[in-house]
Amino acid sequence: MKLAPVWIAGAGMTPFGIHRDLTVKNLTAMAVREALADASATTADVEAVFFANTTQSPLEGQHMVPGQIALRELGIQGVPVVNVENACASGASAFHLAVAYVRSGAADIALAVGAEKMNVEDRALAMSVFDGAYDVSAPDELARVLRELGGVADPASGPSSSFMDIYAAMARNHMDTFGTTQRQLAVIAEKNHRHSVENHRAHYRKPMNADEVLAARALAFPLTVPMCAPITDGAAAVLVCSERGMARLRSTAGVRVLASALATGSDRDFTTFEGHVSGAAARRAYEQAGLGPDDVDVAEVHDATAFGELLQLEVLGFFPPGEAAAAGERGATSIGGALPVNPSGGLVSKGHPLAATGLGQIFELAEQLRGRAGSRQVSGARIALAENGGGFHRGEEAVASVIMLGAQ
């Protein structure tokens with residue numbers, strides 16, 4: 001089935017980091033204003049909004065209508081505003097819904113926004129938000145799955161979220177299956193910390209070599225702190241348009257949406273990587289786009305830990321199972337390599353404001369496809385892929401998004 005063309009007319013993103021003096025409203029306004037300015041649009045042009053947020057409810061008590069409240073002062077009034085919560089894939093899910101809304105003909109111009117203010121005075125409260133991203137009715141089941149995946153590891157030597165234990169168990173399973181080493185994970189972290197040095201919007205901009213990554217504070221083996229995404233504040237926004245919308249805005253610098261696919265995990269043998277939820281989303285995206293992994297020039301993937309990047313590169317089909325780590329060691333995934341991955345610095349270094357992350361990936365890839373990434377520019381980038389996952393259920397992410405974009 002041929003899908004109606006959809007475009008990104010504009011994108012905006014705040015610096016990711018710790019913003020003690022900014023609110024969700026402030027961060028939302030910064031990202032939305034930049035996205036509108038990028039598209040030469042105004043708030044009057046916006047016909048619908050999909051607003052993503054995951055933490056304002058537990059951290060601030062704003063349990064309902066966060067989008068309507070965050071957007072009102074910007075002058076976005078009267079139009080449909082839909083609130084989206086889909087764990088760490090909330091921003092990508094908001095984008096998916098905006099694309100579907102425009103593609104259906106319900107609007108010509110829709111806005112996808114994701115915003116988080118995660119750094120609060122109560123650090124334990126901030127860390128606790130992750131404890132709602134798996135089946136809270138069956139905590140013993142989670143413990144059983146993690147033991148079956150990766151045995152038992154020493155506890156972290158300091159503050160850590162439950163998801164670092166999850167990623168660590170998955171990493172140990174991969175190490176047992178393919179012989180992957182802790183140093184190979186450190187090399188991935190080194191690469192992403194190196195990429196972020198040239199990204200003025202990144203949470204961290206300090207390079208780290210593999211030895212420094214390995215010597216840092218230990219979390220559940222094999223992870224150390226620099227292999228893992230920090231607690232981050234930030235927002236990102238993307239303006240999605242039909243061809244009529246692009247004509248209304250007189251936009252000539254759009255990025256084509258080639259595919260947007262969402263998938264949910266399934267009951268399977270979670271000790272293997274066959275049938276992984278991200279692979280299912282990728283197959284749908286490749287089919288929509290009429291392309292395959294070999295056609296991709298640049299990718300942003302969900303490296304909530306360095307192992308997350310390794311896993312996604314294999315289940316997305318970029319490298320055969322067990323071979324992504326070696327590819328990273330030989331520079332294939334660095335800027336200048338065969339497939340640059342996370343030129344922004346990824347979640348590990350750019351930061352991970354949960355509901356803004358997927359849209360932040362799209363912002364980076366739109367910059368790459370328009371040739372505006374400066375010293376991070378991937379030469380000749382024409383096709384880009386973003387993978388964004390969220391939550392954990394029965395051995396894998398609960399939801400996965402794969403989005404493919406093309407240069408005009």
# chains A, B, ... in the order shown; residues from 1 in each chain; ligands from 1
>>> residues_around(residues="His193 in chain A", least_positions_apart="3", cutoff="8 Å", atoms="only C-alpha atoms", output="CSV table (one decimal) with N, CA, C and O atoms, in the first residue's frame")
chain,number,residue,atom,x,y,z
A,189,ALA,N,31.2,3.2,24.5
A,189,ALA,CA,31.0,4.4,25.3
A,189,ALA,C,32.0,5.5,25.0
A,189,ALA,O,31.7,6.7,24.9
A,190,GLU,N,33.3,5.1,24.8
A,190,GLU,CA,34.3,6.0,24.4
A,190,GLU,C,33.9,6.7,23.1
A,190,GLU,O,34.1,8.0,23.0
A,196,SER,N,30.1,13.4,21.3
A,196,SER,CA,29.4,14.5,21.9
A,196,SER,C,30.2,15.8,22.2
A,196,SER,O,29.6,16.8,22.4
A,197,VAL,N,31.5,15.7,22.1
A,197,VAL,CA,32.4,16.8,22.4
A,197,VAL,C,32.0,18.0,21.4
A,197,VAL,O,32.0,19.2,21.8
A,204,TYR,N,26.9,15.8,28.3
A,204,TYR,CA,28.3,15.7,28.6
A,204,TYR,C,29.1,16.0,27.3
A,204,TYR,O,28.7,15.6,26.2
A,205,ARG,N,30.2,16.8,27.5
A,205,ARG,CA,31.0,17.1,26.3
A,205,ARG,C,32.5,16.9,26.6
A,205,ARG,O,33.4,17.5,26.0
A,206,LYS,N,32.8,15.9,27.5
A,206,LYS,CA,34.1,15.6,27.8
A,206,LYS,C,34.5,14.2,27.3
A,206,LYS,O,33.8,13.2,27.5
A,207,PRO,N,35.6,14.1,26.5
A,207,PRO,CA,36.0,12.8,26.0
A,207,PRO,C,36.5,11.9,27.1
A,207,PRO,O,37.0,12.3,28.1
A,208,MET,N,36.2,10.6,26.9
A,208,MET,CA,36.7,9.6,27.8
A,208,MET,C,37.2,8.4,27.0
A,208,MET,O,36.6,8.0,26.0
A,345,GLY,N,26.3,11.8,20.1
A,345,GLY,CA,26.8,11.4,21.4
A,345,GLY,C,25.9,10.3,22.0
A,345,GLY,O,26.2,9.7,23.0
A,348,VAL,N,24.0,8.0,26.0
A,348,VAL,CA,25.1,7.9,27.0
A,348,VAL,C,25.8,9.2,27.3
A,348,VAL,O,26.2,9.5,28.4
A,349,SER,N,25.9,10.1,26.2
A,349,SER,CA,26.6,11.3,26.4
A,349,SER,C,25.7,12.5,26.1
A,349,SER,O,25.9,13.5,26.8
>>> select_by_dssp(residues="range 92-141 of chain A", states="helix (DSSP H, G or I)", output="number ranges by chain")
A: 92-103, 123-132, 139-141
>>> write_last_selection(atoms="C-alpha atoms", output="compact mmCIF listing (two decimals), in the first residue's frame")
# COMPACT_ATOMS: atom_id res chain seq x y z
CA ALA A 92 8.97 8.62 19.08
CA SER A 93 5.38 7.50 19.73
CA ALA A 94 4.19 11.13 19.65
CA PHE A 95 5.96 11.51 16.31
CA HIS A 96 4.39 8.27 15.03
CA LEU A 97 0.94 9.58 15.95
CA ALA A 98 1.59 12.97 14.35
CA VAL A 99 2.69 11.25 11.13
CA ALA A 100 -0.40 9.03 11.12
CA TYR A 101 -2.68 12.01 11.84
CA VAL A 102 -1.26 14.01 8.94
CA ARG A 103 -1.16 11.02 6.63
CA ARG A 123 17.34 12.10 43.90
CA ALA A 124 15.77 8.87 45.15
CA LEU A 125 12.39 9.99 43.84
CA ALA A 126 13.90 10.72 40.42
CA MET A 127 15.47 7.25 40.28
CA SER A 128 12.21 5.62 41.37
CA VAL A 129 10.35 6.65 38.23
CA PHE A 130 12.00 3.77 36.38
CA ASP A 131 10.36 1.27 38.72
CA GLY A 132 7.07 1.82 36.92
CA PRO A 139 8.32 -8.11 40.81
CA ASP A 140 9.36 -11.72 41.43
CA GLU A 141 8.91 -12.42 37.74
>>> atom_distance(atom1="CA of His276 in chain A", atom2="CA of His174 in chain A")
13.5 Å
>>> atom_distance(atom1="CA of Val84 in chain A", atom2="CA of Leu249 in chain A")
26.4 Å
>>> closest_atom_pairs(of="range 325-401 of chain A", to="range 1-11 of chain A", cutoff="10 Å", atoms="only C-alpha atoms", output="JSON lines")
{"residue": "A:Leu359", "atom": "CA", "partner": "A:Ala11", "partner_atom": "CA", "distance": 8.6}
{"residue": "A:Gly360", "atom": "CA", "partner": "A:Ala11", "partner_atom": "CA", "distance": 9.0}
{"residue": "A:Ile362", "atom": "CA", "partner": "A:Ala11", "partner_atom": "CA", "distance": 8.0}
{"residue": "A:Phe363", "atom": "CA", "partner": "A:Ala11", "partner_atom": "CA", "distance": 5.6}
{"residue": "A:Glu364", "atom": "CA", "partner": "A:Ala11", "partner_atom": "CA", "distance": 9.1}
{"residue": "A:Ala366", "atom": "CA", "partner": "A:Ala11", "partner_atom": "CA", "distance": 7.6}
{"residue": "A:Glu367", "atom": "CA", "partner": "A:Ala11", "partner_atom": "CA", "distance": 8.7}
>>> residues_around(residues="Pro340 in chain A", least_positions_apart="4", cutoff="10 Å", atoms="only C-alpha atoms", output="number ranges by chain")
A: 296-300, 328, 331-336, 376-379, 381
>>> write_last_selection(atoms="N, CA, C and O atoms", output="JSON list (two decimals), in the first residue's frame")
[["chain", "number", "residue", "atom", "x", "y", "z"],
["A", 296, "VAL", "N", 21.14, 2.53, 4.82],
["A", 296, "VAL", "CA", 21.19, 3.57, 5.84],
["A", 296, "VAL", "C", 22.59, 4.18, 5.91],
["A", 296, "VAL", "O", 23.60, 3.47, 5.96],
["A", 297, "ASP", "N", 22.65, 5.50, 5.92],
["A", 297, "ASP", "CA", 23.92, 6.22, 5.97],
["A", 297, "ASP", "C", 24.31, 6.65, 7.38],
["A", 297, "ASP", "O", 25.50, 6.82, 7.67],
["A", 298, "VAL", "N", 23.32, 6.86, 8.24],
["A", 298, "VAL", "CA", 23.59, 7.34, 9.60],
["A", 298, "VAL", "C", 22.44, 6.89, 10.49],
["A", 298, "VAL", "O", 21.29, 6.85, 10.05],
["A", 299, "ALA", "N", 22.74, 6.56, 11.74],
["A", 299, "ALA", "CA", 21.71, 6.06, 12.65],
["A", 299, "ALA", "C", 21.89, 6.65, 14.04],
["A", 299, "ALA", "O", 23.00, 6.90, 14.50],
["A", 300, "GLU", "N", 20.75, 6.87, 14.69],
["A", 300, "GLU", "CA", 20.71, 7.18, 16.12],
["A", 300, "GLU", "C", 19.94, 6.03, 16.78],
["A", 300, "GLU", "O", 18.79, 5.76, 16.40],
["A", 328, "GLY", "N", 32.57, -1.95, 16.09],
["A", 328, "GLY", "CA", 32.87, -0.73, 16.84],
["A", 328, "GLY", "C", 34.35, -0.56, 17.09],
["A", 328, "GLY", "O", 34.89, 0.55, 16.99],
["A", 331, "GLY", "N", 36.18, 0.89, 14.19],
["A", 331, "GLY", "CA", 35.79, 2.24, 13.80],
["A", 331, "GLY", "C", 34.64, 2.33, 12.83],
["A", 331, "GLY", "O", 34.32, 3.42, 12.34],
["A", 332, "ALA", "N", 33.96, 1.23, 12.55],
["A", 332, "ALA", "CA", 32.89, 1.23, 11.56],
["A", 332, "ALA", "C", 31.72, 2.10, 11.97],
["A", 332, "ALA", "O", 31.01, 2.64, 11.11],
["A", 333, "THR", "N", 31.50, 2.27, 13.29],
["A", 333, "THR", "CA", 30.34, 3.03, 13.76],
["A", 333, "THR", "C", 30.69, 4.44, 14.21],
["A", 333, "THR", "O", 29.83, 5.15, 14.74],
["A", 334, "SER", "N", 31.92, 4.85, 14.00],
["A", 334, "SER", "CA", 32.34, 6.21, 14.31],
["A", 334, "SER", "C", 32.07, 7.13, 13.13],
["A", 334, "SER", "O", 31.92, 6.67, 11.99],
["A", 335, "ILE", "N", 32.00, 8.43, 13.38],
["A", 335, "ILE", "CA", 31.90, 9.38, 12.28],
["A", 335, "ILE", "C", 33.13, 9.19, 11.38],
["A", 335, "ILE", "O", 34.26, 9.18, 11.85],
["A", 336, "GLY", "N", 32.88, 9.01, 10.10],
["A", 336, "GLY", "CA", 33.94, 8.68, 9.15],
["A", 336, "GLY", "C", 33.99, 7.20, 8.83],
["A", 336, "GLY", "O", 34.66, 6.79, 7.89],
["A", 376, "ARG", "N", 30.18, 17.43, 13.22],
["A", 376, "ARG", "CA", 29.65, 16.07, 13.37],
["A", 376, "ARG", "C", 29.04, 15.55, 12.07],
["A", 376, "ARG", "O", 28.49, 14.45, 12.03],
["A", 377, "GLN", "N", 29.11, 16.33, 11.02],
["A", 377, "GLN", "CA", 28.41, 15.98, 9.79],
["A", 377, "GLN", "C", 28.91, 14.66, 9.20],
["A", 377, "GLN", "O", 30.11, 14.45, 9.04],
["A", 378, "VAL", "N", 27.95, 13.79, 8.89],
["A", 378, "VAL", "CA", 28.25, 12.54, 8.19],
["A", 378, "VAL", "C", 28.22, 12.84, 6.70],
["A", 378, "VAL", "O", 27.18, 13.23, 6.15],
["A", 379, "SER", "N", 29.33, 12.68, 6.05],
["A", 379, "SER", "CA", 29.45, 13.02, 4.64],
["A", 379, "SER", "C", 28.49, 12.21, 3.79],
["A", 379, "SER", "O", 28.42, 10.99, 3.89],
["A", 381, "ALA", "N", 25.23, 11.97, 3.79],
["A", 381, "ALA", "CA", 24.09, 11.32, 4.43],
["A", 381, "ALA", "C", 22.81, 11.62, 3.67],
["A", 381, "ALA", "O", 22.43, 12.79, 3.52]]
>>> closest_residue(among="A:Ser344, A:Thr305, A:Ser40, A:Ser401", to="Gly265 in chain A", atoms="only C-alpha atoms")
A:Ser401
>>> decode(residues="range 171-225 of chain A", atoms="C-alpha atoms", output="PDB file, in the first residue's frame")
ATOM      1  CA  ALA A 171      24.737  -7.746  28.425  1.00  0.00           C
ATOM      2  CA  ARG A 172      25.946 -10.764  30.419  1.00  0.00           C
ATOM      3  CA  ASN A 173      23.715 -12.977  28.305  1.00  0.00           C
ATOM      4  CA  HIS A 174      25.294 -11.553  25.150  1.00  0.00           C
ATOM      5  CA  MET A 175      28.779 -12.034  26.630  1.00  0.00           C
ATOM      6  CA  ASP A 176      28.024 -15.670  27.440  1.00  0.00           C
ATOM      7  CA  THR A 177      26.564 -16.280  23.977  1.00  0.00           C
ATOM      8  CA  PHE A 178      29.051 -14.446  21.748  1.00  0.00           C
ATOM      9  CA  GLY A 179      32.135 -13.794  23.865  1.00  0.00           C
ATOM     10  CA  THR A 180      31.569 -10.045  23.973  1.00  0.00           C
ATOM     11  CA  THR A 181      33.892  -8.321  26.453  1.00  0.00           C
ATOM     12  CA  GLN A 182      33.509  -5.492  28.904  1.00  0.00           C
ATOM     13  CA  ARG A 183      36.237  -3.561  27.070  1.00  0.00           C
ATOM     14  CA  GLN A 184      34.215  -3.728  23.853  1.00  0.00           C
ATOM     15  CA  LEU A 185      31.342  -2.043  25.679  1.00  0.00           C
ATOM     16  CA  ALA A 186      33.788   0.576  26.949  1.00  0.00           C
ATOM     17  CA  VAL A 187      34.870   1.231  23.351  1.00  0.00           C
ATOM     18  CA  ILE A 188      31.245   2.000  22.420  1.00  0.00           C
ATOM     19  CA  ALA A 189      30.992   4.426  25.345  1.00  0.00           C
ATOM     20  CA  GLU A 190      34.319   5.997  24.356  1.00  0.00           C
ATOM     21  CA  LYS A 191      33.012   6.574  20.825  1.00  0.00           C
ATOM     22  CA  ASN A 192      29.820   8.259  21.993  1.00  0.00           C
ATOM     23  CA  HIS A 193      31.611  10.457  24.527  1.00  0.00           C
ATOM     24  CA  ARG A 194      33.967  11.472  21.708  1.00  0.00           C
ATOM     25  CA  HIS A 195      31.078  12.306  19.366  1.00  0.00           C
ATOM     26  CA  SER A 196      29.361  14.515  21.945  1.00  0.00           C
ATOM     27  CA  VAL A 197      32.366  16.820  22.357  1.00  0.00           C
ATOM     28  CA  GLU A 198      31.278  18.682  19.207  1.00  0.00           C
ATOM     29  CA  ASN A 199      27.572  18.742  20.149  1.00  0.00           C
ATOM     30  CA  HIS A 200      26.818  21.954  22.042  1.00  0.00           C
ATOM     31  CA  ARG A 201      23.404  20.563  23.045  1.00  0.00           C
ATOM     32  CA  ALA A 202      24.832  17.457  24.749  1.00  0.00           C
ATOM     33  CA  HIS A 203      24.665  16.772  28.497  1.00  0.00           C
ATOM     34  CA  TYR A 204      28.325  15.659  28.568  1.00  0.00           C
ATOM     35  CA  ARG A 205      31.029  17.118  26.318  1.00  0.00           C
ATOM     36  CA  LYS A 206      34.136  15.583  27.838  1.00  0.00           C
ATOM     37  CA  PRO A 207      35.977  12.807  25.953  1.00  0.00           C
ATOM     38  CA  MET A 208      36.704   9.571  27.806  1.00  0.00           C
ATOM     39  CA  ASN A 209      38.886   6.706  26.642  1.00  0.00           C
ATOM     40  CA  ALA A 210      38.051   3.063  27.229  1.00  0.00           C
ATOM     41  CA  ASP A 211      40.419   2.763  30.190  1.00  0.00           C
ATOM     42  CA  GLU A 212      38.710   5.688  31.939  1.00  0.00           C
ATOM     43  CA  VAL A 213      35.296   4.164  31.233  1.00  0.00           C
ATOM     44  CA  LEU A 214      36.375   0.847  32.747  1.00  0.00           C
ATOM     45  CA  ALA A 215      37.929   2.501  35.815  1.00  0.00           C
ATOM     46  CA  ALA A 216      34.781   4.469  36.671  1.00  0.00           C
ATOM     47  CA  ARG A 217      32.266   3.547  39.369  1.00  0.00           C
ATOM     48  CA  ALA A 218      30.861   0.081  38.834  1.00  0.00           C
ATOM     49  CA  LEU A 219      27.195  -0.641  38.398  1.00  0.00           C
ATOM     50  CA  ALA A 220      25.913  -4.197  37.908  1.00  0.00           C
ATOM     51  CA  PHE A 221      28.606  -6.013  35.904  1.00  0.00           C
ATOM     52  CA  PRO A 222      29.649  -5.285  33.183  1.00  0.00           C
ATOM     53  CA  LEU A 223      28.367  -1.713  33.312  1.00  0.00           C
ATOM     54  CA  THR A 224      30.131   1.334  34.706  1.00  0.00           C
ATOM     55  CA  VAL A 225      28.637   4.803  35.060  1.00  0.00           C
TER      56      VAL A 225
END
